[in-house]
Amino acid sequence: MNRRLEGTAALVTGASSGIGHATALELAREGASVALVGRREDRLTDLAAEITGAGGKALVVPADITTAQAAAEAVERTVEGLGRLDTLVNNAGLMLLGPAPSADLNDWRRMIDINLMGLMYTAHAAVPHLVKAADEEPRQVADIVNIGSLAGRNAYAMSAVYSATKFGVGAFSEALRQELARQHVRVSVIEPGSVDTELRTHNPDVIQQHIVAALGDIERLQSQDIADTVGYIVTRPRHVAVAELLVRPTEQA
């Protein structure tokens, strides 16, 4: 296998399940050492064992990145443990849907804290290390990949604040891309359509039923599909930057 990320280090948030779990494995397969960031330490430990058992290197970093201090500490632990930071994948997220007029405002705050502020805190802490990595071997380029959503392009009823956070991810990503482009730190946003993960299970049964009814019997994306997309973006040559990728299930309208 052509291990195109050999000698580099990556940090993946929300690595305990779904897209984050699959992405960590994908980056490890490409040769990167991977810091696994999330709140469920037991799952991170199992994932680290899977990576090391396959000959890779993984660092477990239990953290709740909804505070600036915790996000900064997660980045510092990554750099201390792996020696550098070349790739940041901001994947951690929460989707709590329902009618806006009757919403629990705590749910809104939780989504803003993790989907938007956590992503921005982690990026802010990581940028100096990514700039440094882009100046050095082995690749002379570094990457931030932010996981957005189709709901960050189109707003839908029942997802007002979730959509607001994902629109914010898109705006932040594009502005940061412009600021860092000349330093060879690429900033990308991936906008998945419906992915078969546990994300929707954080909602009440009635909302989950609504989601299933809205999608019908289409074949949904799998976490590996998005992990493959991350792998594609971060293994492009130094002169190629993929700013934005929308990935839908073929049948999703």
# chains A, B, ... in the order shown; residues from 1 in each chain; ligands from 1
$ residues_around --residues "region 45-54 of chain A" --least-positions-apart "2" --cutoff "9 Å" --atoms "only C-alpha atoms" --output "number ranges by chain"
A: 15-16, 21, 24-25, 28-29, 34-36, 40-43, 56-60
$ select_by_dssp --residues "region 15-248 of chain A" --states "alpha helix (DSSP H)" --output "ChimeraX atom specification"
/A:18-29,41-53,68-82,105-111,119-134,160-180,205-215,223-234
$ closest_atom_pairs --of "region 9-125 of chain A" --to "region 194-206 of chain A" --cutoff "12 Å" --atoms "only C-alpha atoms" --output "Markdown table"
| residue | atom | partner | partner_atom | distance |
| --- | --- | --- | --- | --- |
| A:Gly14 | CA | A:Leu199 | CA | 11.2 |
| A:Ser16 | CA | A:Glu198 | CA | 11.0 |
| A:Ser17 | CA | A:Glu198 | CA | 7.9 |
| A:Gly18 | CA | A:Thr197 | CA | 5.4 |
| A:Ile19 | CA | A:Thr197 | CA | 7.6 |
| A:Gly20 | CA | A:Thr197 | CA | 10.5 |
| A:His21 | CA | A:Thr197 | CA | 10.8 |
| A:Ala22 | CA | A:Thr197 | CA | 11.0 |
| A:Asn91 | CA | A:Leu199 | CA | 11.7 |
| A:Ala92 | CA | A:Leu199 | CA | 10.3 |
| A:Gly93 | CA | A:Leu199 | CA | 8.1 |
| A:Leu94 | CA | A:Leu199 | CA | 6.6 |
| A:Met95 | CA | A:Leu199 | CA | 6.3 |
| A:Leu96 | CA | A:Asn203 | CA | 5.8 |
| A:Leu97 | CA | A:Asn203 | CA | 6.8 |
| A:Gly98 | CA | A:Asn203 | CA | 8.6 |
| A:Pro99 | CA | A:Val206 | CA | 12.0 |
| A:Asp107 | CA | A:Asn203 | CA | 10.4 |
| A:Met111 | CA | A:His202 | CA | 11.7 |
$ atom_distance --atom1 "CA of Ile147 (chain A)" --atom2 "CA of Val189 (chain A)"
5.8 Å
$ select_by_dssp --residues "region 32-157 of chain A" --states "strand (DSSP E)" --output "MDAnalysis selection string"
chainID A and resid 33:38 58:62 87:90 142:147
$ write_last_selection --atoms "N, CA, C and O atoms" --output "tab-separated table (two decimals), in the first residue's frame"
chain	number	residue	atom	x	y	z
A	33	SER	N	0.04	8.83	12.20
A	33	SER	CA	-0.24	8.59	13.61
A	33	SER	C	-1.47	9.42	13.96
A	33	SER	O	-1.59	10.57	13.51
A	34	VAL	N	-2.38	8.85	14.75
A	34	VAL	CA	-3.69	9.49	14.93
A	34	VAL	C	-4.01	9.70	16.40
A	34	VAL	O	-3.96	8.75	17.20
A	35	ALA	N	-4.35	10.94	16.74
A	35	ALA	CA	-4.88	11.26	18.07
A	35	ALA	C	-6.39	11.13	18.02
A	35	ALA	O	-7.05	11.73	17.16
A	36	LEU	N	-6.94	10.33	18.92
A	36	LEU	CA	-8.37	10.03	18.96
A	36	LEU	C	-9.00	10.85	20.06
A	36	LEU	O	-8.78	10.60	21.24
A	37	VAL	N	-9.80	11.85	19.68
A	37	VAL	CA	-10.39	12.77	20.65
A	37	VAL	C	-11.89	12.52	20.75
A	37	VAL	O	-12.59	12.41	19.73
A	38	GLY	N	-12.38	12.41	21.97
A	38	GLY	CA	-13.81	12.21	22.19
A	38	GLY	C	-14.08	12.07	23.67
A	38	GLY	O	-13.16	12.07	24.50
A	58	ALA	N	-1.57	5.19	17.63
A	58	ALA	CA	-2.74	5.97	18.04
A	58	ALA	C	-2.55	6.48	19.45
A	58	ALA	O	-1.91	5.83	20.29
A	59	LEU	N	-3.11	7.64	19.71
A	59	LEU	CA	-3.05	8.28	21.01
A	59	LEU	C	-4.47	8.57	21.47
A	59	LEU	O	-5.23	9.23	20.75
A	60	VAL	N	-4.84	8.09	22.63
A	60	VAL	CA	-6.19	8.33	23.18
A	60	VAL	C	-6.18	9.65	23.94
A	60	VAL	O	-5.38	9.85	24.86
A	61	VAL	N	-7.08	10.55	23.54
A	61	VAL	CA	-7.18	11.87	24.17
A	61	VAL	C	-8.63	12.11	24.57
A	61	VAL	O	-9.41	12.69	23.82
A	62	PRO	N	-9.03	11.65	25.76
A	62	PRO	CA	-10.41	11.91	26.21
A	62	PRO	C	-10.59	13.41	26.44
A	62	PRO	O	-9.79	14.04	27.13
A	87	THR	N	-2.67	17.20	10.28
A	87	THR	CA	-4.05	17.08	9.81
A	87	THR	C	-5.01	17.18	10.99
A	87	THR	O	-4.86	16.45	11.97
A	88	LEU	N	-6.00	18.06	10.88
A	88	LEU	CA	-7.08	18.16	11.86
A	88	LEU	C	-8.39	17.84	11.17
A	88	LEU	O	-8.73	18.47	10.16
A	89	VAL	N	-9.11	16.86	11.69
A	89	VAL	CA	-10.45	16.56	11.20
A	89	VAL	C	-11.45	16.90	12.30
A	89	VAL	O	-11.52	16.22	13.32
A	90	ASN	N	-12.19	17.97	12.09
A	90	ASN	CA	-13.22	18.40	13.04
A	90	ASN	C	-14.53	17.69	12.69
A	90	ASN	O	-15.28	18.12	11.82
A	142	ALA	N	-0.42	21.15	5.12
A	142	ALA	CA	-1.22	20.67	6.26
A	142	ALA	C	-2.69	20.89	5.94
A	142	ALA	O	-3.03	21.66	5.03
A	143	ASP	N	-3.55	20.21	6.70
A	143	ASP	CA	-4.98	20.23	6.38
A	143	ASP	C	-5.86	20.38	7.61
A	143	ASP	O	-5.60	19.77	8.65
A	144	ILE	N	-6.90	21.18	7.43
A	144	ILE	CA	-8.06	21.17	8.33
A	144	ILE	C	-9.25	20.71	7.50
A	144	ILE	O	-9.55	21.30	6.46
A	145	VAL	N	-9.89	19.65	7.94
A	145	VAL	CA	-11.11	19.16	7.28
A	145	VAL	C	-12.26	19.27	8.27
A	145	VAL	O	-12.24	18.61	9.33
A	146	ASN	N	-13.23	20.10	7.95
A	146	ASN	CA	-14.40	20.29	8.81
A	146	ASN	C	-15.59	19.53	8.23
A	146	ASN	O	-15.89	19.64	7.04
A	147	ILE	N	-16.23	18.75	9.08
A	147	ILE	CA	-17.40	17.99	8.63
A	147	ILE	C	-18.65	18.85	8.82
A	147	ILE	O	-19.07	19.13	9.94
$ closest_residue --among "A:Gln224, A:Gln69, A:Gln140, A:Thr122" --to "Arg236 (chain A)" --atoms "only C-alpha atoms"
A:Gln140
